[in-house]
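Enquirer: Have a look at this one before I ask anything.
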Amino acid sequence: SARLARRLSWQFTSARLATGASAWESPDILPWNAWIGRLWEELRWSTGRTDAVLRSAQRRVLWQHIIESSPQRHHLLQPAAVANRAMDAWDNLHAFNLPIFPAGVFLNEDARAFRGWADAYRRRCVEDEWLDEAQLPAILARAVNDIPVRGARKVLLVGFDEPTPVARALAEALNGIGVEVVWQSPPRAVGRAIQAPFHDANAELLAAARWARRCLERDSACSIGIVVPGVSSQRVLVQDVFANVLTPLSLVKVPDGKQDVFSIAAGEPLTDQPLVAHALLILSLARERLPAIDAGALLRSPYLRGATAEAPARALLDAALRRRRDREIGIGAMLAEGKHAGGEGVADLLHGLGALQGRARALPAKQRAPDWARACSVLLKDAGWPGCRTLTSVEYQVLSAWRDVLADFVSLDGVTGAINFGTALRHLRRLAAERAFQPQTPEAPIQILDLAGAADMGFDHLWVTGMHEDAWPPTAQPNPFLPLPLQREAGMPRASAEAELARARRVTDSLLAACTDVVMSWPQQEGDTVLRPSPLIRTLDEEQPPLAEDARWVASVFSARRVSTFVDDAGPALAAGTEVRGGAALFKSQAACPFRAFAKHRLRADALEEVDVGLDAMERGTLVHSVLQQVWLTLGSQAELLKLSEAGIGALVDAVVEKIVGAAAQRRPQVFTMRFAAMERQRLGTLAREWLAEECRRAPFTVTGCEASRPFRLGGIAGQLRTDRIDTLPDGRQVILDYKTGHVPAKPWEGDRPEEPQLPLYAVTGAEPLAAVAFARVVRGEGAFKGIAAEPDLLPGVKSAAAWDELLAGWRGVLLNLAAQFERGHAQVDPRNGNVTCRNCDLHPFCRVHELGVAPEMDDGTDGDSHES
Ligand code: SF4
């Protein structure tokens with residue numbers, strides 16, 4: 001492997017340096033595939049052969065193309081995954097020098113399908129004079145006399161657990177022309193190996209990291225291998241654990257470029273690198289709208305020109321776009337909102353997006369891969385990618401890997417022909433996703449790697465994790481496209497349980513003999529499953545290896561603590577005469593939780609909007625408000641309502657609903673599909689008709705205010721109050737109504753911290769005489785008034801207060817107290833009703849309420865104006 005080749009080069013260099021040498025001839029150390037490629041080039045030059053070897057990307061696309069054009073395509077869910085397995089089958093057959101298929105072998109349906117695809121693949125290769133890399137060793141072995149072997153006459157082959165027949169045949173052919181080919185086994189060390197159980201896989205990893213730290217503390221020149229089977233899939237966890245133990249400062253400090261103490265031999269998909277992920281987003285944006293989350297990520301990308309200078313304005317633009325609540329956002333919307341909300345603050349961004357839009361419009365419908373590669377580079381440049389700040393060393397490597405992806409993409413030309421932009425983007429995305437990226441770094445003393453090749457790396461200490469009986473030996477996984485007896489007879493990898501056991505024994509033996517200090521660890525538990533050690537390590541002594549002190553960052557900070565306690569629950573008081581915006585919402589927040597009021601109304605801390613499918617509860621409620629507002633603006637009074645027949649009310653409601661839904665559909669065309677709009681019309685119409693029937697049962701009234709607002713002042717707080725409805729009775733007194741489309745609290749106005757202070761606030765700050773305040777609960781089948789009145793029978797089901805004036809005076813006192821708290825800067829984290837109050841609050845990360853032992857419940861999303869919202 002490339003990794004082992006690097007390691008051997010490094011060991012050679014270290015050995016030469018240790019002898020005091022200052023110059024030496026570099027050893028010619030290559031991974032197997034590179035060596036085969038070099039031999040092939042030498043053969044080609046000497047014989048003048050013209051056939052080209054397909055690149056990996058070309059092979060994959062060709063296999064997939066053949067499979068997708070075959071009669072079996074209708075039965076396949078994932079042609080790309082099938083193509084990968086078919087390629088494995090092809091490679092194995094060539095590695096074992098087998099035809100497709102030998103006579104007399106029974107073929108099931110899958111094998112017959114594979115034979116058809118392989119025939120098509122071979123035909124295409126012959127027609128276009130292509131060669132497959134799996135065919136090269138056999139071709140080289142046959143034509144070995146034509147290979148002009150230059151330089152060294154001795155070849156050492158290192159790291160081969162069990163060479164394939166075709167590799168052996170090539171080695172023998174080379175031996176036959178005088179090149180000495182030696183299969184080199186790793187030196188066997190005699191030392192002590194132990195097995196060590198740990199509670200679970202996390203504890204195992206942590207112990208391995210602490211053990212490695214101890215080894216290094218005792219001998220800073222030693223080399224340590226940590227084997228984590230399947231390390232690629234656990235890269236993030238492994239990185240976290242080892243960084244925490246070995247380089248705790250890296251968690252709080254940007255690395256200073258010194259050599260890393262550990263490295264993980266596991267590449268990540270190139271698409272996980274932000275530089276490439278953002279490039280792909282730009283290209284997608286040139287073709288189609290992006291999901292709102294991706295559009296936001298792109299706007300805040302550091303890889304666009306002007307990103308640093310315009311960062312705050314671009315973040316605000318992202319917030320503004322989210323408020324549109326569109327699920328998908330295109331360049332047009334970004335440009336429009338940018339000009340409207342961002343202006344000069346995002347000039348560079350707008351310039352880049354404008355250029356991208358112009359260039360995208362001029363793209364042809366179809367062209368060949370090299371033309372698409374050029375077009376993509378130009379589109380990225382137009383958009384201002386990769387930005388103007390200096391790239392880090394890793395980012396440069398990512399950029400270089402991206403260029404390799406483009407080169408791979410160009411090579412697809414012979415296979416794909418002319419394609420459209422969407423297909424070109426799909427190929428690019430897949431090529432980038434399949435390219436494992438790992439930055440080149442100096443050889444680190446601690447190497448974390450998979451099982452393959454670990455025994456040959458020449459470590460001084462070796463720890464192998466995950467040695468439990470369910471994982472080692474691994475289960476057999478024969479290739480579904482090859483007849484099973486054929487795979488077993490040939491001894492193909494993973495073909496049978498016996499073969500896997502034999503291979504696992506060989507690997508275990510070589511790991512145990514890899515150095516003088518070997519630990520084989522295993523987790524005792526995985527979820528609810530109790531695990532036991534692998535039978536292959538049970539003969540080892542069970543022992544706990546020596547570990548370094550737990551030096552994780554959290555542990556060291558915690559152990560160094562000196563606790564001093566002080567209560568900090570107040571911000572600065574409001575300066576006299578300060579106007580605070582917020583109206584009734586401010587009082588509601590202060591009553592619910594003083595910190596919430598301080599954060600929202602003094603610090604303006606608000607969460608970003610989250611875009612979801614359809615309408616949220618608040619939007620649905622707003623539509624109901626709008627319909628009732630329009631109905632009452634049309635009617636004006638209960639008397640007019642009573643004049644209408646049932647059909648007349650229906651016609652009025654239908655007309656209003658049509659208008660409101662039409663306007664909403666214009667604002668949110670992505671949400672209001674034809675079907676969705678029809679459902680909304682039905683919902684709103686039913687709700688409005690039911691509610692108007694409730695209004696008919698009331699004492700007479702005239703509607704004198706719909707969604708009206710007026711200024712108020714209470715204590716030092718001034719603002720605007722908005723009420724859903726004001727009705728005036730024949731005697732001139734007012735009834736204030738607040739529409740609720742969800743839950744109405746049982747006691748909305750009681751106590752020092754009322755849940756719904758809006759109506760009391762309206763009641764105590766108005767000059768007009770008041771007869772009642774109530775919620776109008778507009779809920780299907782449950783419509784009702786809920787409130788309190790100066791006397792009975794003003795509203796159906798609403799009781800009268802025992803002492804109306806005293807009630808209003810009490811409300812006034814409570815609200816003045818809340819106003820005074822807010823003015824003083826009282827900001828205690830004190831949710832009125834514990835986690836229920838926190839449920840619909842988005843400030844958890846800011847107030848850190850969980851540290852007080854209050855675990856916020858999740859919002860169930862069913863209640864648009866919940867009593868604790
Ligand atoms: S999450 Fe709870 S404690 Fe925190 S500000 Fe909101 S209501 Fe207060």
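Letters A, B, ... mark the chains of the structure tokens in the order given; residue numbers begin at 1 per chain; ligand numbers begin at 1, in order shown.
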So that I can check the secondary structure, give me every residue of stretch 747-859 of chain A assigned helix (DSSP H, G or I) by backbone DSSP, as a PyMOL selection string.

Expert: chain A and resi 758-765+804-824+835-838+844-847+849-852

Enquirer: Since we have the selection now, will you write its residues out, keeping N, CA and C atoms, as a compact mmCIF listing (two decimals), in the first residue's frame?

Expert:
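What follows is the written file selection-v3.txt:
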```
# COMPACT_ATOMS: atom_id res chain seq x y z
N GLN A 758 -50.95 39.85 27.60
CA GLN A 758 -51.29 40.82 26.55
C GLN A 758 -52.64 41.51 26.82
N LEU A 759 -53.68 40.72 27.11
CA LEU A 759 -55.00 41.33 27.30
C LEU A 759 -55.05 42.19 28.57
N PRO A 760 -54.48 41.69 29.71
CA PRO A 760 -54.41 42.60 30.87
C PRO A 760 -53.67 43.89 30.55
N LEU A 761 -52.60 43.79 29.76
CA LEU A 761 -51.84 44.99 29.43
C LEU A 761 -52.71 45.95 28.64
N TYR A 762 -53.49 45.41 27.72
CA TYR A 762 -54.38 46.26 26.95
C TYR A 762 -55.42 46.89 27.87
N ALA A 763 -55.92 46.04 28.81
CA ALA A 763 -56.99 46.51 29.69
C ALA A 763 -56.54 47.66 30.58
N VAL A 764 -55.29 47.59 31.09
CA VAL A 764 -54.89 48.61 32.08
C VAL A 764 -54.23 49.82 31.45
N THR A 765 -53.97 49.79 30.14
CA THR A 765 -53.33 50.97 29.54
C THR A 765 -54.26 51.75 28.62
N TRP A 804 -64.69 43.66 39.32
CA TRP A 804 -64.02 43.99 38.05
C TRP A 804 -62.92 45.03 38.23
N ASP A 805 -63.22 46.11 38.96
CA ASP A 805 -62.22 47.19 39.12
C ASP A 805 -61.02 46.71 39.92
N GLU A 806 -61.28 45.86 40.93
CA GLU A 806 -60.16 45.32 41.72
C GLU A 806 -59.30 44.42 40.86
N LEU A 807 -59.96 43.68 39.98
CA LEU A 807 -59.21 42.78 39.08
C LEU A 807 -58.25 43.60 38.21
N LEU A 808 -58.79 44.70 37.64
CA LEU A 808 -57.95 45.53 36.77
C LEU A 808 -56.81 46.14 37.57
N ALA A 809 -57.10 46.55 38.80
CA ALA A 809 -56.05 47.16 39.64
C ALA A 809 -54.96 46.11 39.96
N GLY A 810 -55.40 44.90 40.21
CA GLY A 810 -54.43 43.82 40.49
C GLY A 810 -53.53 43.58 39.29
N TRP A 811 -54.14 43.52 38.09
CA TRP A 811 -53.35 43.33 36.88
C TRP A 811 -52.32 44.45 36.72
N ARG A 812 -52.77 45.65 37.01
CA ARG A 812 -51.87 46.81 36.86
C ARG A 812 -50.64 46.66 37.75
N GLY A 813 -50.90 46.22 39.00
CA GLY A 813 -49.79 46.05 39.94
C GLY A 813 -48.80 45.00 39.44
N VAL A 814 -49.33 43.89 38.97
CA VAL A 814 -48.46 42.80 38.48
C VAL A 814 -47.61 43.28 37.30
N LEU A 815 -48.26 43.98 36.36
CA LEU A 815 -47.54 44.41 35.15
C LEU A 815 -46.51 45.48 35.49
N LEU A 816 -46.85 46.38 36.44
CA LEU A 816 -45.86 47.39 36.84
C LEU A 816 -44.64 46.73 37.46
N ASN A 817 -44.88 45.67 38.23
CA ASN A 817 -43.76 44.95 38.85
C ASN A 817 -42.87 44.32 37.78
N LEU A 818 -43.50 43.72 36.76
CA LEU A 818 -42.70 43.11 35.68
C LEU A 818 -41.91 44.18 34.94
N ALA A 819 -42.55 45.33 34.70
CA ALA A 819 -41.86 46.43 34.01
C ALA A 819 -40.65 46.88 34.83
N ALA A 820 -40.86 46.99 36.16
CA ALA A 820 -39.76 47.44 37.04
C ALA A 820 -38.60 46.44 37.02
N GLN A 821 -38.94 45.14 37.04
CA GLN A 821 -37.88 44.12 36.98
C GLN A 821 -37.05 44.29 35.71
N PHE A 822 -37.76 44.49 34.61
CA PHE A 822 -37.05 44.60 33.33
C PHE A 822 -36.17 45.85 33.34
N GLU A 823 -36.70 46.94 33.86
CA GLU A 823 -35.91 48.19 33.89
C GLU A 823 -34.66 48.03 34.75
N ARG A 824 -34.80 47.27 35.84
CA ARG A 824 -33.64 47.07 36.74
C ARG A 824 -32.58 46.18 36.10
N ASN A 835 -38.94 22.92 32.89
CA ASN A 835 -38.68 22.53 31.50
C ASN A 835 -39.87 22.76 30.58
N VAL A 836 -41.07 22.90 31.12
CA VAL A 836 -42.24 23.18 30.26
C VAL A 836 -42.09 24.58 29.66
N THR A 837 -41.63 25.53 30.45
CA THR A 837 -41.42 26.89 29.95
C THR A 837 -40.31 26.91 28.91
N CYS A 838 -39.30 26.10 29.13
CA CYS A 838 -38.14 26.10 28.22
C CYS A 838 -38.46 25.41 26.89
N HIS A 844 -31.62 27.92 24.89
CA HIS A 844 -30.91 26.95 25.76
C HIS A 844 -29.40 27.08 25.72
N PRO A 845 -28.79 27.20 24.52
CA PRO A 845 -27.32 27.24 24.52
C PRO A 845 -26.78 28.51 25.17
N PHE A 846 -27.60 29.55 25.20
CA PHE A 846 -27.15 30.83 25.71
C PHE A 846 -27.31 30.88 27.25
N CYS A 847 -28.46 30.44 27.73
CA CYS A 847 -28.70 30.54 29.18
C CYS A 847 -28.11 29.35 29.93
N VAL A 849 -29.35 26.54 30.73
CA VAL A 849 -30.26 26.15 31.80
C VAL A 849 -30.03 24.70 32.22
N HIS A 850 -29.53 23.87 31.30
CA HIS A 850 -29.33 22.46 31.64
C HIS A 850 -28.34 22.32 32.79
N GLU A 851 -27.46 23.33 32.97
CA GLU A 851 -26.50 23.24 34.06
C GLU A 851 -27.18 23.42 35.42
N LEU A 852 -28.42 23.90 35.37
CA LEU A 852 -29.18 24.00 36.62
C LEU A 852 -30.00 22.74 36.85
```

Enquirer: Using only C-alpha atoms and all ligand atoms, which residues have at least one atom no more than 12 Å from ligand 1? Output them as a PyMOL selection string.

Expert: chain A and resi 569+588-601+605-607+827-859+868-869

Enquirer: Can you pull out the residues contacting stretch 542-544 of chain A? Cut-off 10 Å, using only C-alpha atoms, and skip same-chain residues under 4 positions away; I want them as a list in words.

Expert: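 The contact residues come out as Ala193, Ile194, Gln195, Ala196, Pro197, Phe198, Ala207, Val519, Met520, Ser521, Ile537 and Arg538 of chain A.
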
Enquirer: Go ahead and dump the residues you just picked, N, CA, C and O atoms, as a CSV table (one decimal), in the first residue's frame.

Expert:
```csv
chain,number,residue,atom,x,y,z
A,193,ALA,N,2.9,-10.6,24.7
A,193,ALA,CA,1.6,-10.1,24.2
A,193,ALA,C,0.5,-10.5,25.3
A,193,ALA,O,0.6,-11.5,25.9
A,194,ILE,N,-0.3,-9.5,25.5
A,194,ILE,CA,-1.4,-9.7,26.5
A,194,ILE,C,-2.8,-9.4,25.8
A,194,ILE,O,-2.8,-8.8,24.8
A,195,GLN,N,-3.8,-9.9,26.5
A,195,GLN,CA,-5.2,-9.5,26.1
A,195,GLN,C,-5.7,-8.7,27.2
A,195,GLN,O,-5.5,-9.0,28.4
A,196,ALA,N,-6.5,-7.7,26.8
A,196,ALA,CA,-7.1,-6.8,27.9
A,196,ALA,C,-8.5,-6.4,27.6
A,196,ALA,O,-8.8,-5.9,26.5
A,197,PRO,N,-9.4,-6.8,28.5
A,197,PRO,CA,-10.8,-6.4,28.3
A,197,PRO,C,-11.1,-5.0,28.8
A,197,PRO,O,-10.5,-4.5,29.8
A,198,PHE,N,-12.0,-4.3,28.1
A,198,PHE,CA,-12.5,-3.0,28.6
A,198,PHE,C,-14.0,-3.0,28.5
A,198,PHE,O,-14.6,-3.8,27.7
A,207,ALA,N,-8.3,3.9,26.6
A,207,ALA,CA,-7.1,3.2,27.2
A,207,ALA,C,-6.0,3.1,26.2
A,207,ALA,O,-4.8,3.3,26.6
A,519,VAL,N,-0.5,-5.5,22.7
A,519,VAL,CA,-1.8,-5.6,23.5
A,519,VAL,C,-2.9,-5.9,22.5
A,519,VAL,O,-3.0,-5.2,21.5
A,520,MET,N,-3.7,-6.9,22.8
A,520,MET,CA,-4.9,-7.2,22.1
A,520,MET,C,-6.1,-6.9,23.0
A,520,MET,O,-6.2,-7.6,24.0
A,521,SER,N,-6.8,-5.9,22.6
A,521,SER,CA,-7.9,-5.5,23.6
A,521,SER,C,-9.3,-5.8,22.9
A,521,SER,O,-9.4,-6.0,21.7
A,537,ILE,N,-7.4,-15.1,20.5
A,537,ILE,CA,-6.5,-14.4,21.5
A,537,ILE,C,-6.7,-15.0,22.9
A,537,ILE,O,-6.1,-14.5,23.9
A,538,ARG,N,-7.6,-16.0,23.0
A,538,ARG,CA,-7.9,-16.4,24.4
A,538,ARG,C,-6.7,-17.1,25.1
A,538,ARG,O,-6.7,-17.1,26.3
```

Enquirer: Looking only at strand (DSSP E) from DSSP on the backbone, list the matching residues of stretch 11-205 of chain A as a compact mmCIF listing (two decimals) with C-alpha atoms, in the first residue's frame.

Expert:
```
# COMPACT_ATOMS: atom_id res chain seq x y z
CA ALA A 52 -4.49 2.70 -22.93
CA VAL A 53 -5.12 1.56 -19.37
CA TRP A 130 -8.53 -0.12 -23.67
CA LEU A 131 -6.95 -2.31 -21.05
CA LYS A 154 16.44 -7.53 -7.07
CA VAL A 155 12.87 -6.81 -6.00
CA LEU A 156 11.57 -7.22 -2.43
CA LEU A 157 7.81 -7.61 -2.12
CA VAL A 158 6.72 -6.57 1.36
CA GLU A 180 15.46 -11.82 -8.21
CA VAL A 181 11.99 -11.39 -6.71
CA VAL A 182 11.73 -12.10 -2.98
CA TRP A 183 8.51 -12.23 -0.91
CA GLN A 184 9.76 -10.57 2.23
CA ARG A 192 5.15 -10.42 25.53
CA ALA A 193 1.61 -10.14 24.23
CA ILE A 194 -1.41 -9.75 26.48
CA GLN A 195 -5.17 -9.52 26.07
CA ALA A 196 -7.07 -6.76 27.87
CA PRO A 197 -10.83 -6.40 28.29
CA PHE A 198 -12.51 -2.97 28.57
```

Enquirer: Compile the contact shell of A:Pro165 as an MDAnalysis selection string: residues with an atom at most 9 Å away, counting only C-alpha atoms, same-chain residues fewer than 6 positions apart removed.

Expert: chainID A and resid 95:97

Enquirer: Rank A:Val778, A:Ala471, A:Val557, A:Val61 by their smallest atom-to-atom distance to A:Leu412, using only C-alpha atoms, and report the top residue only.

Expert: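 Of all the options, A:Val61 lies closest to A:Leu412.
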
Enquirer: If we count only C-alpha atoms, what is near A:Gln477 at a cut-off of 9 Å, once residues fewer than 4 positions away on the same chain are taken out, given as a ChimeraX atom specification?

Expert: /A:493-497

Enquirer: Have a look at atom CA of A:Leu353 and atom CA of A:Met334 and let me know their distance in Å, one decimal.

Expert: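 Spanning atom CA of A:Leu353 to atom CA of A:Met334 is a straight-line distance of 8.1 Å.
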
Enquirer: Ranking A:Ala266, A:Asp616, A:Trp522, A:Ile147 by minimum distance to A:Ala203 and counting only C-alpha atoms, which one comes first?

Expert: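 Ranked by minimum distance to A:Ala203, first place goes to A:Trp522.
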
Enquirer: Taking only C-alpha atoms into account, name the residue in A:Val190, A:Val144, A:Val228, A:Val554 that is nearest to A:Ala173.

Expert: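 Checking each of A:Val190, A:Val144, A:Val228, A:Val554 against A:Ala173, counting only C-alpha atoms, the winner is A:Val144.
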
Enquirer: Extract, using only C-alpha atoms, all DNA, RNA and protein residues at most 8 Å from stretch 102-110 of chain A, discarding same-chain residues fewer than 3 positions from it, and format them as a VMD selection string.

Expert: chain A and resid 98 to 99 113 to 114 480 to 483 486

Enquirer: For A:Arg85, which residue out of A:Cys696, A:Ile67, A:Ala23, A:Ala789 is the nearest one, using only C-alpha atoms?

Expert: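 Among the listed residues, A:Ile67 lies closest to A:Arg85.
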
Enquirer: Set the distance at 9 Å and use only C-alpha atoms: which residues neighbour stretch 7-16 of chain A once local chain neighbours fewer than 4 positions away are removed? I'd like the list as a PyMOL selection string.

Expert: chain A and resi 2-3+20-24+26-29+443+457-458

Enquirer: Choose the residue, out of A:Leu608, A:Ala455, A:Leu531, A:Leu356, that has the smallest atom-to-atom separation from A:Cys515; count only C-alpha atoms.

Expert: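 So, comparing all the options, the nearest one is A:Ala455.
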
Enquirer: Measuring between only C-alpha atoms, which one of A:Ala57, A:Ala383, A:Leu641, A:Leu512 shows the shortest distance to A:Ala433?

Expert: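 For A:Ala433, the nearest of the candidates is A:Ala57.
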
Enquirer: For atom CA of A:Cys706 and atom CA of A:Arg323, determine how far apart the two atoms are, in Å to one decimal place.

Expert: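 That distance, rounded to one decimal, is 25.0 Å.
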
Enquirer: Expressed in Å to a single decimal, how great is the separation between atom CA of A:Val410 and atom CA of A:Arg430?

Expert: 13.7 Å
